[in-house]
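Visitor: Got a structure for you, written out below as structure tokens; questions coming shortly.
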Amino acid sequence: ALDLARQELLAELSLPAERIVAAALDVAEVERIPPWYDALQAAHGAADILVNAAGTTRRGFAVEQPLADFEYLQRLNVTATYELSRAVA
């Protein structure tokens, strides 16, 4: 999927292929974000654009959801976006 997304971007943008890097990470594991980005930056230089495209939901009433589900949603939808933005800033 990442390679396909990268190929689509290459087709749309007039940038050299080495300027577009697609990299995967389970961003819900927020403690892995800084070392992941540090490794990307060391290999490819600083990011010009960050696409925060992760997110999910759990269907159902809040009173029926376990606290662990709420915590996971917060970690993935809010904290990961915050930490990715801090890492790239």
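Identifiers for the structure tokens are assigned positionally: chains receive A, B, ... in sequence, residues are indexed from 1 per chain, and ligands are indexed from 1 in the order shown.
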Could you give me, as number ranges by chain, the residues within 9 Å of Ala22 of chain A, counting only C-alpha atoms and dropping anything in the same chain fewer than 5 positions from it?
Guide: A: 2-3, 5-6
Visitor: Find the spatial neighbours of Ile33 of chain A, counting only C-alpha atoms, within a cut-off of 7 Å - ignore same-chain residues fewer than 3 positions away - and output them as a list in words.
Guide: Val27, Val30, Trp36, Tyr37, Glu83 and Leu84 of chain A
Visitor: Write the selection just made, keeping N, CA and C atoms, as a compact mmCIF listing (two decimals), in the first residue's frame?
Guide:
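So the final result, stored in out32.txt, reads:
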```
# COMPACT_ATOMS: atom_id res chain seq x y z
N VAL A 27 1.63 4.12 14.89
CA VAL A 27 1.77 5.35 15.66
C VAL A 27 1.05 5.30 17.00
N VAL A 30 3.28 5.36 20.65
CA VAL A 30 3.83 6.71 20.55
C VAL A 30 5.29 6.81 20.99
N TRP A 36 11.90 6.51 15.40
CA TRP A 36 11.52 6.22 14.01
C TRP A 36 11.81 7.42 13.13
N TYR A 37 11.38 8.60 13.57
CA TYR A 37 11.63 9.80 12.77
C TYR A 37 13.12 10.13 12.73
N GLU A 83 2.63 13.89 18.81
CA GLU A 83 4.03 13.44 18.87
C GLU A 83 4.69 13.45 17.48
N LEU A 84 3.96 13.08 16.44
CA LEU A 84 4.51 13.16 15.08
C LEU A 84 4.83 14.59 14.71
```
Visitor: Excluding Leu40 of chain A and any residue of its chain fewer than 2 positions from it, enumerate the residues within 12 Å of it, using only C-alpha atoms, and give them as a list in words.
Guide: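 The residues satisfying every condition are Ile20, Val21, Ala22, Ala23, Ala24, Leu25, Ile33, Pro34, Pro35, Trp36, Tyr37, Asp38, Ala42, Ala43, His44, Gly45, Ala46, Ala47, Ala87 and Val88 of chain A.
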Visitor: Go through A:Ala53, A:Arg58, A:Pro16, A:Arg86 and flag the residue nearest Glu71 of chain A, using only C-alpha atoms for the distances.
Guide: A:Arg58
Visitor: Report, in Å with one decimal, the straight-line distance from atom CA of Gly55 of chain A to atom CA of Leu76 of chain A.
Guide: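 These two atoms are separated by 6.1 Å.
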Visitor: Report the distance between atom CA of Arg59 of chain A and atom CA of Glu29 of chain A in Å, rounded to one decimal place.
Guide: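 Rounded to one decimal, the two atoms are 21.8 Å apart.
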Visitor: Which residue out of A:Tyr82, A:Leu50, A:Thr57, A:Arg19 has the minimum interatomic distance to Phe70 of chain A when only C-alpha atoms are used?
Guide: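 For Phe70 of chain A, the nearest of the given residues is A:Thr57.
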Visitor: Run DSSP on the backbone of this structure and report the residues of chain A it assigns to alpha helix (DSSP H), as a ChimeraX atom specification.
Guide: /A:2-12,33-44,67-74,80-88
Visitor: Go through A:Gln7, A:Ser14, A:Ser85, A:Thr56 and flag the residue nearest Leu73 of chain A, using only C-alpha atoms for the distances.
Guide: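 Closest residue, counting only C-alpha atoms: A:Thr56.
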Visitor: For a test of reading the model, state the distance in Å between atom CA of Asn77 of chain A and atom CA of Arg32 of chain A, rounded to one decimal.
Guide: 15.6 Å
Visitor: Taking only C-alpha atoms into account, name the residue in A:Leu15, A:Leu9, A:Leu4, A:Ala80 that is nearest to Asn52 of chain A.
Guide: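 Among the listed residues, the smallest separation from Asn52 of chain A belongs to A:Ala80.
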Visitor: Using only C-alpha atoms, which residue out of A:Ala89, A:Val78, A:Ala39, A:Leu10 lies closest to Ala54 of chain A?
Guide: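 Closest to Ala54 of chain A of all the choices is A:Val78.
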